[in-house]
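Pasted below: data38.pdb, PDB, N, CA and C atoms.
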```
ATOM      1  N   MET P  28       0.834  -1.184   0.000
ATOM      2  CA  MET P  28       0.000   0.000   0.000
ATOM      3  C   MET P  28       0.875   1.243   0.000
ATOM      4  N   ARG P  29       0.551   2.167  -0.867
ATOM      5  CA  ARG P  29       1.307   3.421  -0.892
ATOM      6  C   ARG P  29       0.712   4.389   0.120
ATOM      7  N   GLN P  30       1.552   5.226   0.615
ATOM      8  CA  GLN P  30       1.122   6.252   1.581
ATOM      9  C   GLN P  30       0.286   7.300   0.857
ATOM     10  N   PRO P  31      -0.842   7.722   1.420
ATOM     11  CA  PRO P  31      -1.623   8.774   0.767
ATOM     12  C   PRO P  31      -0.845  10.084   0.734
ATOM     13  N   LYS P  32      -1.168  10.923  -0.242
ATOM     14  CA  LYS P  32      -0.502  12.225  -0.367
ATOM     15  C   LYS P  32      -1.027  13.231   0.639
ATOM     16  N   SER P  33      -2.249  12.973   1.154
ATOM     17  CA  SER P  33      -2.850  13.913   2.084
ATOM     18  C   SER P  33      -3.843  13.174   2.979
ATOM     19  N   PHE P  34      -4.236  13.857   4.045
ATOM     20  CA  PHE P  34      -5.265  13.326   4.940
ATOM     21  C   PHE P  34      -6.554  13.073   4.153
ATOM     22  N   GLU P  35      -6.908  14.033   3.314
ATOM     23  CA  GLU P  35      -8.139  13.926   2.543
ATOM     24  C   GLU P  35      -8.107  12.725   1.600
ATOM     25  N   GLU P  36      -6.964  12.494   0.967
ATOM     26  CA  GLU P  36      -6.824  11.325   0.095
ATOM     27  C   GLU P  36      -6.957  10.041   0.906
ATOM     28  N   GLY P  37      -6.380  10.037   2.095
ATOM     29  CA  GLY P  37      -6.487   8.864   2.964
ATOM     30  C   GLY P  37      -7.924   8.591   3.367
ATOM     31  N   MET P  38      -8.651   9.650   3.702
ATOM     32  CA  MET P  38     -10.056   9.475   4.075
ATOM     33  C   MET P  38     -10.902   8.997   2.893
ATOM     34  N   GLN P  39     -10.606   9.505   1.716
ATOM     35  CA  GLN P  39     -11.334   9.062   0.523
ATOM     36  C   GLN P  39     -11.087   7.577   0.273
ATOM     37  N   ARG P  40      -9.832   7.161   0.406
ATOM     38  CA  ARG P  40      -9.505   5.742   0.205
ATOM     39  C   ARG P  40     -10.183   4.885   1.276
ATOM     40  N   LEU P  41     -10.230   5.375   2.505
ATOM     41  CA  LEU P  41     -10.923   4.635   3.566
ATOM     42  C   LEU P  41     -12.394   4.429   3.217
ATOM     43  N   GLN P  42     -13.031   5.445   2.658
ATOM     44  CA  GLN P  42     -14.441   5.313   2.254
ATOM     45  C   GLN P  42     -14.589   4.242   1.174
ATOM     46  N   GLU P  43     -13.662   4.231   0.230
ATOM     47  CA  GLU P  43     -13.688   3.211  -0.819
ATOM     48  C   GLU P  43     -13.546   1.808  -0.222
ATOM     49  N   LEU P  44     -12.632   1.671   0.722
ATOM     50  CA  LEU P  44     -12.419   0.374   1.359
ATOM     51  C   LEU P  44     -13.637  -0.052   2.162
ATOM     52  N   LEU P  45     -14.273   0.897   2.819
ATOM     53  CA  LEU P  45     -15.483   0.597   3.577
ATOM     54  C   LEU P  45     -16.572   0.063   2.654
ATOM     55  N   ASN P  46     -16.696   0.662   1.486
ATOM     56  CA  ASN P  46     -17.682   0.186   0.518
ATOM     57  C   ASN P  46     -17.405  -1.257   0.104
ATOM     58  N   VAL P  47     -16.133  -1.576  -0.093
ATOM     59  CA  VAL P  47     -15.758  -2.947  -0.459
ATOM     60  C   VAL P  47     -16.100  -3.898   0.677
ATOM     61  N   LEU P  48     -15.772  -3.507   1.905
ATOM     62  CA  LEU P  48     -16.041  -4.376   3.053
ATOM     63  C   LEU P  48     -17.537  -4.586   3.279
ATOM     64  N   GLN P  49     -18.347  -3.598   2.944
ATOM     65  CA  GLN P  49     -19.790  -3.710   3.140
ATOM     66  C   GLN P  49     -20.478  -4.506   2.032
ATOM     67  N   ASP P  50     -19.772  -4.757   0.949
ATOM     68  CA  ASP P  50     -20.343  -5.507  -0.169
ATOM     69  C   ASP P  50     -20.358  -7.003   0.160
ATOM     70  N   ASP P  51     -21.542  -7.580   0.180
ATOM     71  CA  ASP P  51     -21.679  -9.002   0.513
ATOM     72  C   ASP P  51     -20.981  -9.915  -0.491
ATOM     73  N   ALA P  52     -20.708  -9.414  -1.681
ATOM     74  CA  ALA P  52     -20.067 -10.227  -2.714
ATOM     75  C   ALA P  52     -18.545 -10.260  -2.570
ATOM     76  N   THR P  53     -17.988  -9.477  -1.652
ATOM     77  CA  THR P  53     -16.535  -9.458  -1.466
ATOM     78  C   THR P  53     -16.089 -10.749  -0.790
ATOM     79  N   PRO P  54     -15.184 -11.487  -1.446
ATOM     80  CA  PRO P  54     -14.691 -12.734  -0.839
ATOM     81  C   PRO P  54     -13.925 -12.461   0.460
ATOM     82  N   LEU P  55     -13.926 -13.437   1.341
ATOM     83  CA  LEU P  55     -13.281 -13.291   2.642
ATOM     84  C   LEU P  55     -11.805 -12.937   2.513
ATOM     85  N   ALA P  56     -11.090 -13.608   1.624
ATOM     86  CA  ALA P  56      -9.656 -13.340   1.464
ATOM     87  C   ALA P  56      -9.416 -11.883   1.067
ATOM     88  N   GLN P  57     -10.249 -11.356   0.180
ATOM     89  CA  GLN P  57     -10.111  -9.955  -0.216
ATOM     90  C   GLN P  57     -10.484  -9.038   0.940
ATOM     91  N   SER P  58     -11.494  -9.413   1.702
ATOM     92  CA  SER P  58     -11.904  -8.602   2.856
ATOM     93  C   SER P  58     -10.766  -8.456   3.848
ATOM     94  N   VAL P  59     -10.019  -9.527   4.072
ATOM     95  CA  VAL P  59      -8.893  -9.476   5.011
ATOM     96  C   VAL P  59      -7.821  -8.517   4.496
ATOM     97  N   LYS P  60      -7.521  -8.568   3.197
ATOM     98  CA  LYS P  60      -6.525  -7.658   2.614
ATOM     99  C   LYS P  60      -6.991  -6.206   2.707
ATOM    100  N   VAL P  61      -8.266  -5.993   2.407
ATOM    101  CA  VAL P  61      -8.823  -4.643   2.466
ATOM    102  C   VAL P  61      -8.804  -4.134   3.900
ATOM    103  N   TYR P  62      -9.126  -5.003   4.850
ATOM    104  CA  TYR P  62      -9.103  -4.627   6.264
ATOM    105  C   TYR P  62      -7.694  -4.206   6.676
ATOM    106  N   ALA P  63      -6.682  -4.941   6.235
ATOM    107  CA  ALA P  63      -5.297  -4.598   6.580
ATOM    108  C   ALA P  63      -4.926  -3.224   6.022
ATOM    109  N   GLU P  64      -5.323  -2.952   4.781
ATOM    110  CA  GLU P  64      -5.047  -1.639   4.193
ATOM    111  C   GLU P  64      -5.769  -0.545   4.968
ATOM    112  N   ALA P  65      -7.028  -0.809   5.330
ATOM    113  CA  ALA P  65      -7.807   0.169   6.080
ATOM    114  C   ALA P  65      -7.175   0.450   7.437
ATOM    115  N   ALA P  66      -6.697  -0.579   8.101
ATOM    116  CA  ALA P  66      -6.068  -0.394   9.409
ATOM    117  C   ALA P  66      -4.836   0.500   9.292
ATOM    118  N   ASN P  67      -4.052   0.310   8.253
ATOM    119  CA  ASN P  67      -2.879   1.159   8.033
ATOM    120  C   ASN P  67      -3.286   2.599   7.741
ATOM    121  N   LEU P  68      -4.340   2.773   6.951
ATOM    122  CA  LEU P  68      -4.819   4.120   6.653
ATOM    123  C   LEU P  68      -5.366   4.812   7.896
ATOM    124  N   ILE P  69      -6.068   4.069   8.733
ATOM    125  CA  ILE P  69      -6.585   4.643   9.978
ATOM    126  C   ILE P  69      -5.431   5.142  10.836
ATOM    127  N   SER P  70      -4.372   4.353  10.915
ATOM    128  CA  SER P  70      -3.197   4.751  11.683
ATOM    129  C   SER P  70      -2.576   6.029  11.103
ATOM    130  N   TYR P  71      -2.447   6.085   9.783
ATOM    131  CA  TYR P  71      -1.900   7.274   9.112
ATOM    132  C   TYR P  71      -2.768   8.502   9.401
ATOM    133  N   CYS P  72      -4.079   8.353   9.242
ATOM    134  CA  CYS P  72      -4.991   9.480   9.442
ATOM    135  C   CYS P  72      -4.980   9.946  10.898
ATOM    136  N   LYS P  73      -4.918   9.007  11.825
ATOM    137  CA  LYS P  73      -4.864   9.372  13.244
ATOM    138  C   LYS P  73      -3.591  10.159  13.540
ATOM    139  N   GLN P  74      -2.475   9.697  13.017
ATOM    140  CA  GLN P  74      -1.208  10.397  13.236
ATOM    141  C   GLN P  74      -1.257  11.800  12.627
ATOM    142  N   THR P  75      -1.849  11.916  11.447
ATOM    143  CA  THR P  75      -1.976  13.212  10.795
ATOM    144  C   THR P  75      -2.835  14.157  11.632
ATOM    145  N   LEU P  76      -3.939  13.647  12.172
ATOM    146  CA  LEU P  76      -4.795  14.458  13.035
ATOM    147  C   LEU P  76      -4.075  14.853  14.323
ATOM    148  N   ASP P  77      -3.327  13.923  14.904
ATOM    149  CA  ASP P  77      -2.563  14.227  16.117
ATOM    150  C   ASP P  77      -1.553  15.341  15.856
ATOM    151  N   ASN P  78      -0.888  15.287  14.690
ATOM    152  CA  ASN P  78       0.080  16.335  14.337
ATOM    153  C   ASN P  78      -0.614  17.683  14.167
ATOM    154  N   ALA P  79      -1.777  17.682  13.529
ATOM    155  CA  ALA P  79      -2.527  18.933  13.357
ATOM    156  C   ALA P  79      -2.955  19.481  14.715
ATOM    157  N   LYS P  80      -3.369  18.607  15.618
ATOM    158  CA  LYS P  80      -3.777  19.033  16.951
ATOM    159  C   LYS P  80      -2.607  19.702  17.679
ATOM    160  N   LEU P  81      -1.419  19.118  17.565
ATOM    161  CA  LEU P  81      -0.237  19.726  18.195
ATOM    162  C   LEU P  81       0.050  21.104  17.616
ATOM    163  N   GLN P  82      -0.079  21.245  16.308
ATOM    164  CA  GLN P  82       0.153  22.543  15.675
ATOM    165  C   GLN P  82      -0.850  23.573  16.185
ATOM    166  N   ILE P  83      -2.102  23.175  16.295
ATOM    167  CA  ILE P  83      -3.134  24.090  16.788
ATOM    168  C   ILE P  83      -2.856  24.478  18.236
ATOM    169  N   GLU P  84      -2.441  23.521  19.056
ATOM    170  CA  GLU P  84      -2.116  23.818  20.451
ATOM    171  C   GLU P  84      -0.951  24.792  20.542
ATOM    172  N   GLU P  85       0.047  24.640  19.662
ATOM    173  CA  GLU P  85       1.179  25.565  19.648
ATOM    174  C   GLU P  85       0.726  26.970  19.254
ATOM    175  N   ILE P  86      -0.139  27.064  18.262
ATOM    176  CA  ILE P  86      -0.660  28.372  17.832
ATOM    177  C   ILE P  86      -1.443  29.013  18.971
ATOM    178  N   ASP P  87      -2.300  28.226  19.616
ATOM    179  CA  ASP P  87      -3.083  28.750  20.741
ATOM    180  C   ASP P  87      -2.172  29.231  21.867
ATOM    181  N   ALA P  88      -1.119  28.484  22.150
ATOM    182  CA  ALA P  88      -0.194  28.875  23.217
ATOM    183  C   ALA P  88       0.512  30.182  22.862
ATOM    184  N   GLN P  89       0.897  30.321  21.604
ATOM    185  CA  GLN P  89       1.549  31.563  21.154
ATOM    186  C   GLN P  89       0.594  32.751  21.273
ATOM    187  N   LEU P  90      -0.652  32.523  20.874
ATOM    188  CA  LEU P  90      -1.644  33.607  20.972
ATOM    189  C   LEU P  90      -1.912  33.978  22.418
ATOM    190  N   ALA P  91      -1.986  32.994  23.291
ATOM    191  CA  ALA P  91      -2.208  33.258  24.721
ATOM    192  C   ALA P  91      -1.012  34.015  25.303
ATOM    193  N   GLU P  92       0.181  33.646  24.866
ATOM    194  CA  GLU P  92       1.384  34.336  25.355
ATOM    195  C   GLU P  92       1.391  35.794  24.893
ATOM    196  N   LYS P  93       1.015  36.037  23.665
ATOM    197  CA  LYS P  93       0.954  37.414  23.159
ATOM    198  C   LYS P  93      -0.122  38.197  23.875
ATOM    199  N   ALA P  94      -1.253  37.561  24.129
ATOM    200  CA  ALA P  94      -2.329  38.243  24.847
ATOM    201  C   ALA P  94      -1.882  38.591  26.258
ATOM    202  N   GLY P  95      -1.092  37.723  26.892
ATOM    203  CA  GLY P  95      -0.555  37.986  28.219
ATOM    204  C   GLY P  95       0.450  39.106  28.225
ATOM    205  N   ASP P  96       1.225  39.218  27.139
ATOM    206  CA  ASP P  96       2.207  40.300  27.025
ATOM    207  C   ASP P  96       1.525  41.648  26.875
ATOM    208  N   ASN P  97       0.353  41.662  26.283
ATOM    209  CA  ASN P  97      -0.374  42.908  26.024
ATOM    210  C   ASN P  97      -1.219  43.335  27.220
ATOM    211  N   ALA P  98      -1.305  42.501  28.224
ATOM    212  CA  ALA P  98      -2.178  42.823  29.372
ATOM    213  C   ALA P  98      -1.478  43.729  30.359
TER     214      ALA P  98
END
```
How does this structure look as structure tokens?
Amino acid sequence: MRQPKSFEEGMQRLQELLNVLQDDATPLAQSVKVYAEAANLISYCKQTLDNAKLQIEEIDAQLAEKAGDNA
């Protein structure tokens, strides 16, 4: 599996995989492979969200520090 270029691409691929998993015609062996890919994408997306959260927390801390300097 290749790494997605963006969070949005990863989420789009996850939706595609979910559709495959929900299809009753998907053979079990393929479902297991799709599940493994989905698990890796979930991990990637979670890490991407965690990184964004850290960036937002840093921005908020900087803004709070500036607001404190102006008080």
message: Please list as a ChimeraX atom specification every residue within 8 Å of range 70-87 of chain P, counting only C-alpha atoms and excluding residues in the same chain fewer than 2 positions away.
response: /P:34,37-38,66-68,89-91
- request: Can you pull out every residue within 8 Å of Leu44 in chain P, counting only C-alpha atoms, but drop anything in the same chain fewer than 2 positions away, and send it as a list in words?
  value: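 Near Leu44 in chain P, the qualifying residues are Arg40, Leu41, Gln42, Asn46, Val47, Leu48, Val61, Tyr62 and Ala65 of chain P.
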Taking N, CA and C atoms for each residue, export the selection above as a PDB file, in the coordinates of the input.
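Saved result, result.pdb, follows:
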```pdb
ATOM      1  N   ARG P  40      -9.832   7.161   0.406  1.00  0.00           N
ATOM      2  CA  ARG P  40      -9.505   5.742   0.205  1.00  0.00           C
ATOM      3  C   ARG P  40     -10.183   4.885   1.276  1.00  0.00           C
ATOM      4  N   LEU P  41     -10.230   5.375   2.505  1.00  0.00           N
ATOM      5  CA  LEU P  41     -10.923   4.635   3.566  1.00  0.00           C
ATOM      6  C   LEU P  41     -12.394   4.429   3.217  1.00  0.00           C
ATOM      7  N   GLN P  42     -13.031   5.445   2.658  1.00  0.00           N
ATOM      8  CA  GLN P  42     -14.441   5.313   2.254  1.00  0.00           C
ATOM      9  C   GLN P  42     -14.589   4.242   1.174  1.00  0.00           C
ATOM     10  N   ASN P  46     -16.696   0.662   1.486  1.00  0.00           N
ATOM     11  CA  ASN P  46     -17.682   0.186   0.518  1.00  0.00           C
ATOM     12  C   ASN P  46     -17.405  -1.257   0.104  1.00  0.00           C
ATOM     13  N   VAL P  47     -16.133  -1.576  -0.093  1.00  0.00           N
ATOM     14  CA  VAL P  47     -15.758  -2.947  -0.459  1.00  0.00           C
ATOM     15  C   VAL P  47     -16.100  -3.898   0.677  1.00  0.00           C
ATOM     16  N   LEU P  48     -15.772  -3.507   1.905  1.00  0.00           N
ATOM     17  CA  LEU P  48     -16.041  -4.376   3.053  1.00  0.00           C
ATOM     18  C   LEU P  48     -17.537  -4.586   3.279  1.00  0.00           C
ATOM     19  N   VAL P  61      -8.266  -5.993   2.407  1.00  0.00           N
ATOM     20  CA  VAL P  61      -8.823  -4.643   2.466  1.00  0.00           C
ATOM     21  C   VAL P  61      -8.804  -4.134   3.900  1.00  0.00           C
ATOM     22  N   TYR P  62      -9.126  -5.003   4.850  1.00  0.00           N
ATOM     23  CA  TYR P  62      -9.103  -4.627   6.264  1.00  0.00           C
ATOM     24  C   TYR P  62      -7.694  -4.206   6.676  1.00  0.00           C
ATOM     25  N   ALA P  65      -7.028  -0.809   5.330  1.00  0.00           N
ATOM     26  CA  ALA P  65      -7.807   0.169   6.080  1.00  0.00           C
ATOM     27  C   ALA P  65      -7.175   0.450   7.437  1.00  0.00           C
TER      28      ALA P  65
END
```
- request: List every residue of chain P that DSSP, applied to the backbone of this structure, assigns to helix (DSSP H, G or I), and report them as a PyMOL selection string.
  value: chain P and resi 34-49+55-96
query: By how many Å are atom N of Val59 in chain P and atom N of Lys32 in chain P apart?
result: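 That distance, rounded to one decimal, is 22.7 Å.
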query: What is the atom N of Asp50 in chain P-atom N of Ala63 in chain P distance in Å, reported with one decimal?
result: 14.1 Å
query: Separation of CA of Pro31 in chain P and CA of Thr53 in chain P, in Å?
result: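 Answer for the CA of Pro31 in chain P to CA of Thr53 in chain P separation: 23.7 Å.
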If I only have part of range 51-62 of chain P, can you fill in N, CA, C and O atoms and write it as a short mmCIF file (atom, residue, chain, number, x, y, z; two decimals), keeping the file's coordinate frame?
```
data_model
loop_
_atom_site.label_atom_id
_atom_site.label_comp_id
_atom_site.auth_asym_id
_atom_site.auth_seq_id
_atom_site.Cartn_x
_atom_site.Cartn_y
_atom_site.Cartn_z
N ASP P 51 -21.54 -7.58 0.18
CA ASP P 51 -21.68 -9.00 0.51
C ASP P 51 -20.98 -9.91 -0.49
O ASP P 51 -20.68 -11.07 -0.17
N ALA P 52 -20.71 -9.41 -1.68
CA ALA P 52 -20.07 -10.23 -2.71
C ALA P 52 -18.55 -10.26 -2.57
O ALA P 52 -17.87 -11.02 -3.28
N THR P 53 -17.99 -9.48 -1.65
CA THR P 53 -16.54 -9.46 -1.47
C THR P 53 -16.09 -10.75 -0.79
O THR P 53 -16.56 -11.08 0.30
N PRO P 54 -15.18 -11.49 -1.45
CA PRO P 54 -14.69 -12.73 -0.84
C PRO P 54 -13.92 -12.46 0.46
O PRO P 54 -13.35 -11.38 0.64
N LEU P 55 -13.93 -13.44 1.34
CA LEU P 55 -13.28 -13.29 2.64
C LEU P 55 -11.80 -12.94 2.51
O LEU P 55 -11.31 -12.04 3.20
N ALA P 56 -11.09 -13.61 1.62
CA ALA P 56 -9.66 -13.34 1.46
C ALA P 56 -9.42 -11.88 1.07
O ALA P 56 -8.50 -11.23 1.59
N GLN P 57 -10.25 -11.36 0.18
CA GLN P 57 -10.11 -9.96 -0.22
C GLN P 57 -10.48 -9.04 0.94
O GLN P 57 -9.84 -8.01 1.15
N SER P 58 -11.49 -9.41 1.70
CA SER P 58 -11.90 -8.60 2.86
C SER P 58 -10.77 -8.46 3.85
O SER P 58 -10.57 -7.38 4.42
N VAL P 59 -10.02 -9.53 4.07
CA VAL P 59 -8.89 -9.48 5.01
C VAL P 59 -7.82 -8.52 4.50
O VAL P 59 -7.28 -7.70 5.26
N LYS P 60 -7.52 -8.57 3.20
CA LYS P 60 -6.52 -7.66 2.61
C LYS P 60 -6.99 -6.21 2.71
O LYS P 60 -6.22 -5.31 3.04
N VAL P 61 -8.27 -5.99 2.41
CA VAL P 61 -8.82 -4.64 2.47
C VAL P 61 -8.80 -4.13 3.90
O VAL P 61 -8.48 -2.97 4.16
N TYR P 62 -9.13 -5.00 4.85
CA TYR P 62 -9.10 -4.63 6.26
C TYR P 62 -7.69 -4.21 6.68
O TYR P 62 -7.53 -3.20 7.39
#
```
